file protein13.cif (mmCIF, C-alpha atoms)
data_final
loop_
_atom_site.label_atom_id
_atom_site.label_comp_id
_atom_site.auth_asym_id
_atom_site.auth_seq_id
_atom_site.Cartn_x
_atom_site.Cartn_y
_atom_site.Cartn_z
CA MET A 1 98.43 107.74 85.08
CA SER A 2 97.99 107.62 81.34
CA HIS A 3 95.26 105.37 80.00
CA ASP A 4 96.32 105.48 76.36
CA SER A 5 99.42 103.62 75.33
CA ALA A 6 101.78 105.14 72.86
CA ALA A 7 101.02 104.29 69.29
CA ALA A 8 102.50 101.01 68.15
CA PRO A 9 105.68 101.27 66.06
CA GLU A 10 105.33 101.83 62.36
CA GLY A 11 104.39 98.57 60.67
CA ALA A 12 103.62 96.78 63.98
CA VAL A 13 100.00 96.18 62.96
CA ARG A 14 100.23 93.82 60.00
CA LYS A 15 97.75 93.23 57.26
CA LEU A 16 95.67 90.12 57.86
CA SER A 17 96.72 87.14 55.77
CA GLY A 18 94.28 86.08 53.06
CA ARG A 19 93.66 82.71 54.68
CA ARG A 20 92.54 84.29 57.95
CA ARG A 21 89.09 85.74 58.63
CA ARG A 22 88.26 88.61 60.95
CA GLU A 23 85.09 86.96 62.19
CA ILE A 24 86.91 83.80 63.30
CA VAL A 25 88.13 83.72 66.92
CA ALA A 26 90.40 80.90 68.08
CA VAL A 27 90.60 80.20 71.82
CA LEU A 28 93.72 78.31 72.88
CA LEU A 29 93.22 76.02 75.87
CA PHE A 30 95.81 74.20 77.97
CA SER A 31 95.55 71.52 80.62
CA GLY A 32 95.48 72.99 84.11
CA GLY A 33 93.94 76.27 83.02
CA PRO A 34 91.18 77.70 85.27
CA ILE A 35 87.69 77.15 83.90
CA PHE A 36 86.37 80.65 84.62
CA GLU A 37 88.92 82.45 82.46
CA SER A 38 88.58 79.76 79.80
CA SER A 39 84.83 80.18 79.66
CA ILE A 40 84.87 83.97 79.16
CA PRO A 41 85.88 84.08 75.46
CA LEU A 42 83.79 80.96 74.80
CA SER A 43 80.70 82.75 76.10
CA VAL A 44 81.44 86.10 74.45
CA PHE A 45 82.44 84.82 71.01
CA GLY A 46 80.82 81.39 70.86
CA ILE A 47 77.12 82.08 71.41
CA ASP A 48 74.86 83.39 68.67
CA ARG A 49 73.19 86.54 70.01
CA GLN A 50 72.21 88.14 66.71
CA ASP A 51 68.65 88.43 68.00
CA ALA A 52 69.98 90.94 70.56
CA GLY A 53 71.89 92.94 68.01
CA VAL A 54 75.28 91.35 68.66
CA PRO A 55 77.17 90.44 65.46
CA ARG A 56 78.16 86.82 65.26
CA TYR A 57 81.69 85.49 65.56
CA ARG A 58 82.80 82.02 64.56
CA LEU A 59 84.52 80.27 67.45
CA LEU A 60 87.29 77.68 67.16
CA VAL A 61 88.27 76.02 70.44
CA CYS A 62 91.82 74.73 70.05
CA ALA A 63 93.91 72.46 72.26
CA GLY A 64 97.35 73.92 72.88
CA GLU A 65 98.70 70.48 73.76
CA ASP A 66 97.64 66.84 73.74
CA GLY A 67 94.43 66.13 75.65
CA PRO A 68 92.38 65.45 77.54
CA LEU A 69 92.71 68.89 79.10
CA ARG A 70 92.07 68.94 82.82
CA THR A 71 90.67 72.08 84.42
CA THR A 72 89.17 73.36 87.66
CA GLY A 73 87.65 70.66 89.86
CA GLY A 74 89.21 67.83 87.89
CA LEU A 75 86.98 68.32 84.88
CA GLU A 76 88.28 67.01 81.59
CA LEU A 77 87.82 68.92 78.33
CA SER A 78 88.19 67.69 74.79
CA ALA A 79 88.82 70.53 72.34
CA PRO A 80 87.36 70.00 68.84
CA HIS A 81 90.42 71.53 67.13
CA GLY A 82 94.18 71.45 67.40
CA LEU A 83 96.81 74.10 66.77
CA GLU A 84 96.33 73.85 63.02
CA ALA A 85 92.93 75.59 63.27
CA ILE A 86 94.61 78.78 64.52
CA ALA A 87 95.76 79.35 60.94
CA ARG A 88 92.21 80.48 60.04
CA ALA A 89 91.66 82.93 62.91
CA GLY A 90 91.80 86.71 62.79
CA THR A 91 91.82 86.81 66.61
CA VAL A 92 93.58 84.32 68.89
CA VAL A 93 92.77 84.34 72.62
CA VAL A 94 94.87 82.69 75.33
CA PRO A 95 92.55 82.82 78.35
CA ALA A 96 95.01 81.62 80.99
CA TRP A 97 98.16 79.62 81.56
CA ARG A 98 98.38 76.91 84.19
CA SER A 99 101.60 78.00 85.89
CA ILE A 100 103.61 81.20 85.80
CA THR A 101 106.74 79.18 86.58
CA SER A 102 106.61 76.64 83.74
CA PRO A 103 107.23 77.32 80.03
CA PRO A 104 104.36 76.90 77.55
CA PRO A 105 104.67 74.23 74.80
CA GLU A 106 106.95 75.42 72.01
CA GLU A 107 104.46 74.25 69.37
CA ALA A 108 101.83 76.59 70.78
CA LEU A 109 104.30 79.49 70.92
CA ASP A 110 105.22 78.91 67.27
CA ALA A 111 101.53 78.96 66.32
CA LEU A 112 101.06 82.28 68.12
CA ARG A 113 104.09 83.80 66.45
CA ARG A 114 102.87 82.73 63.00
CA ALA A 115 99.41 84.11 63.71
CA HIS A 116 100.85 87.45 64.75
CA GLU A 117 103.13 87.61 61.72
CA GLU A 118 100.11 87.01 59.51
CA GLY A 119 98.20 89.92 61.03
CA ALA A 120 96.03 88.15 63.62
CA ARG A 121 95.09 89.99 66.79
CA ILE A 122 96.58 88.17 69.82
CA VAL A 123 94.85 88.41 73.21
CA GLY A 124 96.09 87.24 76.62
CA LEU A 125 93.63 87.12 79.51
CA CYS A 126 95.07 87.10 83.04
CA THR A 127 98.08 84.71 83.10
CA GLY A 128 97.68 84.25 79.37
CA ALA A 129 100.05 87.23 79.24
CA PHE A 130 102.86 84.88 80.27
CA VAL A 131 102.26 82.81 77.15
CA LEU A 132 102.35 85.91 74.95
CA ALA A 133 105.53 87.05 76.69
CA ALA A 134 107.15 83.64 76.23
CA ALA A 135 106.39 83.91 72.52
CA GLY A 136 108.13 87.28 72.42
CA LEU A 137 104.95 89.10 71.44
CA LEU A 138 105.07 91.54 74.38
CA ASP A 139 108.67 92.67 73.90
CA GLY A 140 108.83 96.45 74.07
CA ARG A 141 105.07 96.70 74.56
CA PRO A 142 102.81 97.80 77.42
CA ALA A 143 100.91 94.92 79.02
CA THR A 144 99.07 93.93 82.16
CA THR A 145 98.10 90.79 84.04
CA HIS A 146 96.59 89.92 87.41
CA TRP A 147 98.19 92.18 90.05
CA MET A 148 99.32 89.08 91.95
CA TYR A 149 101.53 87.97 89.05
CA ALA A 150 102.61 91.33 87.66
CA PRO A 151 105.92 91.46 89.61
CA THR A 152 106.88 88.02 88.29
CA LEU A 153 105.98 88.98 84.72
CA ALA A 154 108.06 92.17 84.98
CA LYS A 155 111.01 90.35 86.51
CA ARG A 156 111.01 87.41 84.10
CA TYR A 157 110.45 89.51 80.98
CA PRO A 158 112.19 92.86 81.62
CA SER A 159 111.55 94.07 78.06
CA VAL A 160 107.79 94.05 78.73
CA HIS A 161 106.35 97.31 80.10
CA VAL A 162 104.11 95.80 82.77
CA ASP A 163 101.44 98.08 84.22
CA PRO A 164 99.50 96.25 86.97
CA ARG A 165 97.15 99.20 87.53
CA GLU A 166 95.20 98.59 84.33
CA LEU A 167 92.19 96.32 83.82
CA PHE A 168 93.30 95.83 80.24
CA VAL A 169 95.83 97.18 77.76
CA ASP A 170 95.09 97.47 74.03
CA ASP A 171 98.30 97.91 72.05
CA GLY A 172 96.71 97.43 68.65
CA ASP A 173 97.39 93.87 67.54
CA VAL A 174 98.34 92.56 71.01
CA LEU A 175 95.99 92.96 73.98
CA THR A 176 96.21 91.81 77.61
CA SER A 177 93.91 91.93 80.61
CA ALA A 178 94.10 91.68 84.38
CA GLY A 179 92.71 88.73 86.30
CA THR A 180 89.45 86.85 85.98
CA ALA A 181 86.61 89.37 85.57
CA ALA A 182 88.86 91.81 83.71
CA GLY A 183 88.78 89.27 80.89
CA ILE A 184 85.13 90.20 80.41
CA ASP A 185 86.13 93.87 80.19
CA LEU A 186 88.67 93.15 77.47
CA CYS A 187 86.35 90.87 75.46
CA LEU A 188 83.66 93.56 75.54
CA HIS A 189 86.27 96.07 74.41
CA ILE A 190 87.10 93.84 71.44
CA VAL A 191 83.42 93.67 70.45
CA ARG A 192 83.21 97.45 70.86
CA THR A 193 86.29 97.90 68.66
CA ASP A 194 84.94 95.55 65.98
CA HIS A 195 81.27 96.52 65.93
CA GLY A 196 80.75 99.68 67.94
CA THR A 197 79.36 100.79 71.29
CA GLU A 198 75.80 99.67 70.60
CA ALA A 199 76.81 96.07 69.92
CA ALA A 200 79.02 95.97 73.00
CA GLY A 201 76.24 97.44 75.10
CA ALA A 202 73.78 94.84 73.86
CA LEU A 203 76.20 92.07 74.75
CA ALA A 204 76.86 93.57 78.18
CA ARG A 205 73.13 93.59 78.89
CA ARG A 206 72.94 89.91 77.98
CA LEU A 207 75.86 89.16 80.29
CA VAL A 208 74.39 91.40 83.01
CA VAL A 209 77.59 93.43 83.39
CA PRO A 210 78.37 97.11 82.77
CA PRO A 211 79.60 97.85 79.24
CA ARG A 212 82.58 99.64 80.78
CA ARG A 213 83.98 99.26 84.28
CA SER A 214 85.63 102.15 86.07
CA GLY A 215 88.84 102.01 88.04
CA GLY A 216 91.88 99.81 87.78
CA GLN A 217 93.44 97.09 89.93
CA GLU A 218 94.72 99.38 92.71
CA ARG A 219 91.80 98.66 94.99
CA TYR A 220 92.63 94.95 94.97
CA LEU A 221 96.36 95.19 95.67
CA ASP A 222 97.74 93.13 98.53
CA ARG A 223 100.86 94.04 100.51
CA SER A 224 102.37 90.57 100.96
CA LEU A 225 105.60 89.50 99.32
CA PRO A 226 106.00 86.62 96.85
CA GLU A 227 107.95 83.59 98.02
CA GLU A 228 110.73 84.19 95.49
CA ILE A 229 111.44 87.68 96.87
CA GLY A 230 110.64 87.14 100.54
CA ALA A 231 113.99 85.43 101.22
CA ASP A 232 116.04 88.35 99.92
CA PRO A 233 117.71 90.58 102.56
CA LEU A 234 116.19 93.63 100.88
CA ALA A 235 112.76 92.39 101.99
CA GLU A 236 113.63 93.38 105.58
CA VAL A 237 114.13 96.97 104.48
CA VAL A 238 110.84 96.96 102.61
CA ALA A 239 109.06 95.45 105.62
CA TRP A 240 110.50 98.25 107.80
CA ALA A 241 109.15 100.81 105.35
CA LEU A 242 105.66 99.32 105.57
CA GLU A 243 105.78 99.49 109.37
CA HIS A 244 106.79 103.17 109.28
CA LEU A 245 104.60 104.58 106.52
CA HIS A 246 103.26 107.08 109.05
CA GLU A 247 106.73 108.65 109.17
CA GLN A 248 108.20 110.94 106.55
CA PHE A 249 111.15 109.24 104.89
CA ASP A 250 112.37 108.88 101.32
CA VAL A 251 114.16 106.35 99.13
CA GLU A 252 117.54 107.62 100.34
CA THR A 253 116.51 106.50 103.85
CA LEU A 254 115.73 103.01 102.57
CA ALA A 255 119.02 102.85 100.66
CA ALA A 256 120.91 103.80 103.82
CA ARG A 257 119.13 101.08 105.81
CA ALA A 258 120.18 98.60 103.14
CA TYR A 259 123.79 99.91 103.33
CA MET A 260 123.70 100.71 99.62
CA SER A 261 124.17 103.76 97.47
CA ARG A 262 120.99 105.18 95.97
CA ARG A 263 121.96 103.94 92.51
CA THR A 264 122.76 100.42 93.73
CA PHE A 265 119.56 100.32 95.78
CA ASP A 266 117.43 101.42 92.82
CA ARG A 267 119.03 98.81 90.58
CA ARG A 268 118.66 96.05 93.18
CA PHE A 269 115.06 97.00 93.95
CA ARG A 270 114.14 96.96 90.27
CA SER A 271 115.80 93.59 89.70
CA LEU A 272 113.76 92.06 92.52
CA THR A 273 110.40 93.69 91.91
CA GLY A 274 110.35 95.17 88.43
CA SER A 275 109.44 98.50 90.01
CA ALA A 276 111.13 101.79 90.86
CA PRO A 277 111.39 102.23 94.66
CA LEU A 278 109.94 105.75 94.63
CA GLN A 279 106.80 104.61 92.82
CA TRP A 280 106.51 101.67 95.19
CA LEU A 281 106.72 103.96 98.21
CA ILE A 282 104.07 106.33 96.85
CA THR A 283 101.78 103.39 96.04
CA GLN A 284 102.10 102.00 99.57
CA ARG A 285 101.28 105.38 101.11
CA VAL A 286 98.17 105.63 98.93
CA LEU A 287 97.13 102.09 99.91
CA GLN A 288 97.53 102.99 103.57
CA ALA A 289 95.42 106.11 102.98
CA GLN A 290 92.72 103.89 101.43
CA ARG A 291 92.62 101.75 104.55
CA LEU A 292 92.36 104.72 106.89
CA LEU A 293 89.64 106.33 104.78
CA GLU A 294 87.71 103.05 104.88
CA THR A 295 88.17 102.24 108.57
CA SER A 296 88.57 105.52 110.46
CA ASP A 297 87.00 108.93 110.91
CA TYR A 298 90.25 110.85 110.53
CA SER A 299 90.04 113.95 108.38
CA VAL A 300 91.80 113.91 105.03
CA ASP A 301 94.51 116.16 106.51
CA GLU A 302 95.04 113.70 109.37
CA VAL A 303 95.12 110.76 106.95
CA ALA A 304 97.81 112.51 104.93
CA GLY A 305 99.97 112.91 108.03
CA ARG A 306 99.45 109.33 109.17
CA CYS A 307 100.52 108.03 105.74
CA GLY A 308 103.74 110.01 105.54
CA PHE A 309 102.65 112.56 102.96
CA ARG A 310 104.21 115.96 103.46
CA SER A 311 100.89 117.71 102.88
CA PRO A 312 97.21 116.96 102.14
CA VAL A 313 97.81 118.37 98.66
CA ALA A 314 100.39 115.65 97.99
CA LEU A 315 97.97 112.96 99.18
CA ARG A 316 95.14 114.29 97.00
CA GLY A 317 97.34 114.41 93.91
CA HIS A 318 98.74 110.90 94.23
CA PHE A 319 95.39 109.48 95.35
CA ARG A 320 93.59 110.85 92.31
CA ARG A 321 96.30 109.64 89.92
CA GLN A 322 96.17 106.11 91.29
CA LEU A 323 92.48 105.67 92.10
CA GLY A 324 90.74 108.22 89.90
CA SER A 325 88.96 110.10 92.69
CA SER A 326 89.65 112.42 95.59
CA PRO A 327 90.10 110.98 99.12
CA ALA A 328 86.84 112.56 100.28
CA ALA A 329 84.88 111.18 97.32
CA TYR A 330 86.44 107.76 97.81
CA ARG A 331 85.41 107.67 101.49
CA ALA A 332 81.87 108.82 100.71
CA ALA A 333 81.44 106.23 97.97
CA TYR A 334 82.92 103.45 100.11
CA ARG A 335 80.66 104.17 103.05
CA ALA A 336 77.60 104.50 100.85
CA ARG A 337 78.24 101.00 99.50
CA ARG A 338 78.64 99.33 102.89
CA PRO A 339 75.65 97.97 104.84
CA GLN A 340 74.90 99.96 107.97
CA SER A 341 75.77 96.95 110.15
CA GLU A 342 79.31 96.83 108.74
CA LYS A 343 80.16 100.50 109.23
CA PRO A 344 82.83 101.14 111.89
CA ALA A 345 81.54 102.33 115.24
CA ASP A 346 84.86 103.61 116.53
CA VAL A 347 87.83 105.45 115.18
CA VAL A 348 90.61 103.11 114.18
CA GLU A 349 94.00 104.07 115.55
CA GLY A 350 96.93 104.74 113.28
CA PRO A 351 99.16 102.04 111.88
CA GLY A 352 101.27 100.10 114.36
CA PRO A 353 103.97 97.47 114.05
CA LEU A 354 103.11 94.52 111.85
CA PRO A 355 102.97 90.98 113.31
CA ALA A 356 106.13 88.90 112.93
CA GLN A 357 104.76 86.94 109.98
CA SER A 358 103.68 90.14 108.25
CA ARG A 359 107.09 91.69 108.84
CA ARG A 360 108.59 88.73 107.07
CA THR A 361 106.25 88.78 104.10
CA ALA A 362 104.61 92.20 103.96
CA ALA A 363 106.14 94.20 101.14
CA ALA A 364 105.00 95.34 97.77
CA SER A 365 106.27 96.77 94.57
CA THR A 366 104.30 99.35 92.64
CA PHE A 367 102.30 96.23 91.73
CA GLY A 368 101.47 95.41 95.36
CA LEU A 369 103.76 92.34 95.25
CA PRO A 370 101.10 89.93 96.48
CA GLY A 371 101.76 86.63 98.15
CA ALA A 372 101.44 83.28 96.48
CA THR A 373 98.56 82.31 98.75
CA ALA A 374 96.31 85.21 97.81
CA SER A 375 93.22 84.24 95.83
CA ALA A 376 92.59 85.73 92.41
CA ASP A 377 90.53 88.91 92.24
CA THR A 378 89.82 88.91 95.97
CA GLY A 379 89.78 92.60 96.77
CA ARG A 380 88.82 94.34 99.93
CA HIS A 381 85.83 95.68 98.04
CA GLY A 382 84.42 92.20 97.31
CA PRO A 383 80.85 93.02 96.20
CA GLU A 384 82.14 96.04 94.30
CA LEU A 385 83.83 93.91 91.64
CA TYR A 386 81.71 95.73 89.10
CA ALA A 387 81.34 99.45 89.68
CA ALA A 388 79.22 101.93 87.81
CA ALA A 389 80.99 103.27 84.74
CA ARG A 390 81.91 106.92 84.44
CA ALA A 391 83.06 109.19 81.65
CA THR A 392 86.77 108.76 82.28
CA LEU A 393 87.87 105.18 82.66
CA PRO A 394 91.10 104.64 84.58
CA GLY A 395 92.32 101.08 84.33
CA GLN A 396 91.57 100.72 80.61
CA ARG A 397 94.49 101.59 78.41
CA GLU A 398 93.66 101.68 74.73
CA ARG A 399 95.82 102.31 71.73
CA PRO A 400 94.89 105.69 70.24
CA VAL A 401 92.72 105.52 67.16
CA GLY A 402 94.08 107.16 64.00
#
call {"tool": "encode", "arguments": {"input": "protein13.cif", "output": "structure tokens"}}
result
Amino acid sequence: MSHDSAAAPEGAVRKLSGRRRREIVAVLLFSGGPIFESSIPLSVFGIDRQDAGVPRYRLLVCAGEDGPLRTTGGLELSAPHGLEAIARAGTVVVPAWRSITSPPPEEALDALRRAHEEGARIVGLCTGAFVLAAAGLLDGRPATTHWMYAPTLAKRYPSVHVDPRELFVDDGDVLTSAGTAAGIDLCLHIVRTDHGTEAAGALARRLVVPPRRSGGQERYLDRSLPEEIGADPLAEVVAWALEHLHEQFDVETLAARAYMSRRTFDRRFRSLTGSAPLQWLITQRVLQAQRLLETSDYSVDEVAGRCGFRSPVALRGHFRRQLGSSPAAYRAAYRARRPQSEKPADVVEGPGPLPAQSRRTAAASTFGLPGATASADTGRHGPELYAAARATLPGQRERPVG
């Protein structure tokens, strides 16, 4: 997996308009947006921490629609500025959007388009990517969002190159992040880009988070199927595949079970999930390997066989590309993190048939195709939401410098 996006097209990064200022950050809030995501850019860019060596930004909190703005827990917010204040900002942040199924206000989309045309940097945190996509700012660009919503983003906006494995994607003048805590990663990256590693490190210490977080979203992927795809007949084929990951089969096998040609199956699969079926199948085998490494004492060779890989070498290659470590290193790190009382006492047997409800809903694209009831950023590694940083940083795609 590449962590550097291709350079933006010639002329894509525009010169900042004279009426805009680099140090001014506008945060665009909507009613129904979650308070956590909304508070991230307010905390990063709105608090004076010059005493700690963090350069100061000027924050403008803007209402994207008429208020009062209601947020998590029924709280009501009153933004001090409207959309007109965006005209002064060199960076515009959309922390989240209230619903991935409803269109954002056209007035807000127009303001974002104008800001981008005038050289402002546009940032979407979590479901804020849907607002950027609705404005047309992600067309032909790499982007990410919370893994739970990545299939919907890819399906609704097919011209967007959605990569749900990344914690954030920096494509120069348009940046997006994964869910919730990944917004902190991206905001720290912006400070690092603007003012250097030392400033970002000082801010991270104040926030009590690592300056860089390793890994991507793979560890948090769920296998359940969204409501909008679960009713499709193709979901039965995908559910069969998940039940038989321990067997060696390929995409041609799935196409035959769907009574389709390989070309038709690929096209149909992509239209439903936004993903290529081969990549989906590999991702599911790696996820199954994760589970066995976490919950069993099988050797790596045995895990490879129980996940349908033709050889341990194939497992190691795909595992490292998706998770950034070898299977053995992953197991050792996972067990070292777990309290002794939680470590498995017995070997867990191989995968068996899924319950009826799981057969109906358990399927995933390369994004994991999570279900609508899954909670944001709830991974099977819970306490490991922040991991120690390492030299190479999978999950953080940055536009090459120079």
call {"tool": "resolve_selection", "arguments": {"input": "protein13.cif", "expression": "the PyMOL selection byres ((chain A and resi 309) around 12)", "output": "PDB file with C-alpha atoms, in the frame of the given file"}}
result
ATOM      1  CA  LEU A 245     104.600 104.580 106.520  1.00  0.00           C
ATOM      2  CA  HIS A 246     103.260 107.080 109.050  1.00  0.00           C
ATOM      3  CA  GLU A 247     106.730 108.650 109.170  1.00  0.00           C
ATOM      4  CA  GLN A 248     108.200 110.940 106.550  1.00  0.00           C
ATOM      5  CA  PHE A 249     111.150 109.240 104.890  1.00  0.00           C
ATOM      6  CA  ASP A 250     112.370 108.880 101.320  1.00  0.00           C
ATOM      7  CA  LEU A 281     106.720 103.960  98.210  1.00  0.00           C
ATOM      8  CA  ILE A 282     104.070 106.330  96.850  1.00  0.00           C
ATOM      9  CA  THR A 283     101.780 103.390  96.040  1.00  0.00           C
ATOM     10  CA  GLN A 284     102.100 102.000  99.570  1.00  0.00           C
ATOM     11  CA  ARG A 285     101.280 105.380 101.110  1.00  0.00           C
ATOM     12  CA  VAL A 286      98.170 105.630  98.930  1.00  0.00           C
ATOM     13  CA  GLN A 288      97.530 102.990 103.570  1.00  0.00           C
ATOM     14  CA  ALA A 289      95.420 106.110 102.980  1.00  0.00           C
ATOM     15  CA  VAL A 300      91.800 113.910 105.030  1.00  0.00           C
ATOM     16  CA  ASP A 301      94.510 116.160 106.510  1.00  0.00           C
ATOM     17  CA  GLU A 302      95.040 113.700 109.370  1.00  0.00           C
ATOM     18  CA  VAL A 303      95.120 110.760 106.950  1.00  0.00           C
ATOM     19  CA  ALA A 304      97.810 112.510 104.930  1.00  0.00           C
ATOM     20  CA  GLY A 305      99.970 112.910 108.030  1.00  0.00           C
ATOM     21  CA  ARG A 306      99.450 109.330 109.170  1.00  0.00           C
ATOM     22  CA  CYS A 307     100.520 108.030 105.740  1.00  0.00           C
ATOM     23  CA  GLY A 308     103.740 110.010 105.540  1.00  0.00           C
ATOM     24  CA  ARG A 310     104.210 115.960 103.460  1.00  0.00           C
ATOM     25  CA  SER A 311     100.890 117.710 102.880  1.00  0.00           C
ATOM     26  CA  PRO A 312      97.210 116.960 102.140  1.00  0.00           C
ATOM     27  CA  VAL A 313      97.810 118.370  98.660  1.00  0.00           C
ATOM     28  CA  ALA A 314     100.390 115.650  97.990  1.00  0.00           C
ATOM     29  CA  LEU A 315      97.970 112.960  99.180  1.00  0.00           C
ATOM     30  CA  ARG A 316      95.140 114.290  97.000  1.00  0.00           C
ATOM     31  CA  GLY A 317      97.340 114.410  93.910  1.00  0.00           C
ATOM     32  CA  HIS A 318      98.740 110.900  94.230  1.00  0.00           C
ATOM     33  CA  PHE A 319      95.390 109.480  95.350  1.00  0.00           C
TER      34      PHE A 319
END
call {"tool": "atom_distance", "arguments": {"input": "protein13.cif", "atom1": "atom CA of Glu65 of chain A", "atom2": "atom CA of Ile86 of chain A"}}
result
13.1 Å
call {"tool": "closest_residue", "arguments": {"input": "protein13.cif", "among": "A:Leu278, A:Ala133, A:Ala26, A:Gly119", "to": "Arg262 of chain A", "atoms": "only C-alpha atoms"}}
result
A:Leu278
call {"tool": "atom_distance", "arguments": {"input": "protein13.cif", "atom1": "atom CA of Pro142 of chain A", "atom2": "atom CA of His189 of chain A"}}
result
16.9 Å
call {"tool": "resolve_selection", "arguments": {"input": "protein13.cif", "expression": "the PyMOL selection byres ((chain A and resi 122) around 7)", "output": "PyMOL selection string"}}
result
chain A and resi 91-93+116+120-121+123-124+173-175
call {"tool": "write_last_selection", "arguments": {"input": "protein13.cif", "atoms": "C-alpha atoms", "output": "tab-separated table (two decimals), in the frame of the given file"}}
result
chain	number	residue	atom	x	y	z
A	91	THR	CA	91.82	86.81	66.61
A	92	VAL	CA	93.58	84.32	68.89
A	93	VAL	CA	92.77	84.34	72.62
A	116	HIS	CA	100.85	87.45	64.75
A	120	ALA	CA	96.03	88.15	63.62
A	121	ARG	CA	95.09	89.99	66.79
A	123	VAL	CA	94.85	88.41	73.21
A	124	GLY	CA	96.09	87.24	76.62
A	173	ASP	CA	97.39	93.87	67.54
A	174	VAL	CA	98.34	92.56	71.01
A	175	LEU	CA	95.99	92.96	73.98
call {"tool": "resolve_selection", "arguments": {"input": "protein13.cif", "expression": "the PyMOL selection byres ((chain A and resi 193) around 12)", "output": "ChimeraX atom specification"}}
result
/A:121,170,172-173,186-192,194-201,398-401
call {"tool": "residues_around", "arguments": {"input": "protein13.cif", "residues": "Ile47 of chain A", "least_positions_apart": "4", "cutoff": "10 Å", "atoms": "all atoms listed in the file", "output": "list of chain:residue names"}}
result
A:Pro41, A:Leu42, A:Ser43, A:Val54, A:Arg56, A:Tyr57, A:Arg58, A:Leu59
call {"tool": "write_last_selection", "arguments": {"input": "protein13.cif", "atoms": "C-alpha atoms", "output": "short mmCIF file (atom, residue, chain, number, x, y, z; two decimals), keeping the file's coordinate frame"}}
result
data_model
loop_
_atom_site.label_atom_id
_atom_site.label_comp_id
_atom_site.auth_asym_id
_atom_site.auth_seq_id
_atom_site.Cartn_x
_atom_site.Cartn_y
_atom_site.Cartn_z
CA PRO A 41 85.88 84.08 75.46
CA LEU A 42 83.79 80.96 74.80
CA SER A 43 80.70 82.75 76.10
CA VAL A 54 75.28 91.35 68.66
CA ARG A 56 78.16 86.82 65.26
CA TYR A 57 81.69 85.49 65.56
CA ARG A 58 82.80 82.02 64.56
CA LEU A 59 84.52 80.27 67.45
#
call {"tool": "closest_residue", "arguments": {"input": "protein13.cif", "among": "A:Pro104, A:Ile184, A:Ala85, A:Ala79", "to": "Arg213 of chain A", "atoms": "all atoms listed in the file"}}
result
A:Ile184
call {"tool": "atom_distance", "arguments": {"input": "protein13.cif", "atom1": "atom CA of Leu28 of chain A", "atom2": "atom CA of Gly64 of chain A"}}
result
5.7 Å
call {"tool": "closest_residue", "arguments": {"input": "protein13.cif", "among": "A:Glu294, A:Val160, A:Arg321, A:Phe130", "to": "Ala333 of chain A", "atoms": "only C-alpha atoms"}}
result
A:Glu294
call {"tool": "closest_residue", "arguments": {"input": "protein13.cif", "among": "A:Leu242, A:Leu153, A:Cys126, A:Leu60", "to": "Arg21 of chain A", "atoms": "all atoms listed in the file"}}
result
A:Leu60
call {"tool": "residues_near_point", "arguments": {"input": "protein13.cif", "point": "(95.2, 72.4, 82.9)", "cutoff": "8 Å", "atoms": "only C-alpha atoms", "output": "ChimeraX atom specification"}}
result
/A:30-34,69-72,97-98
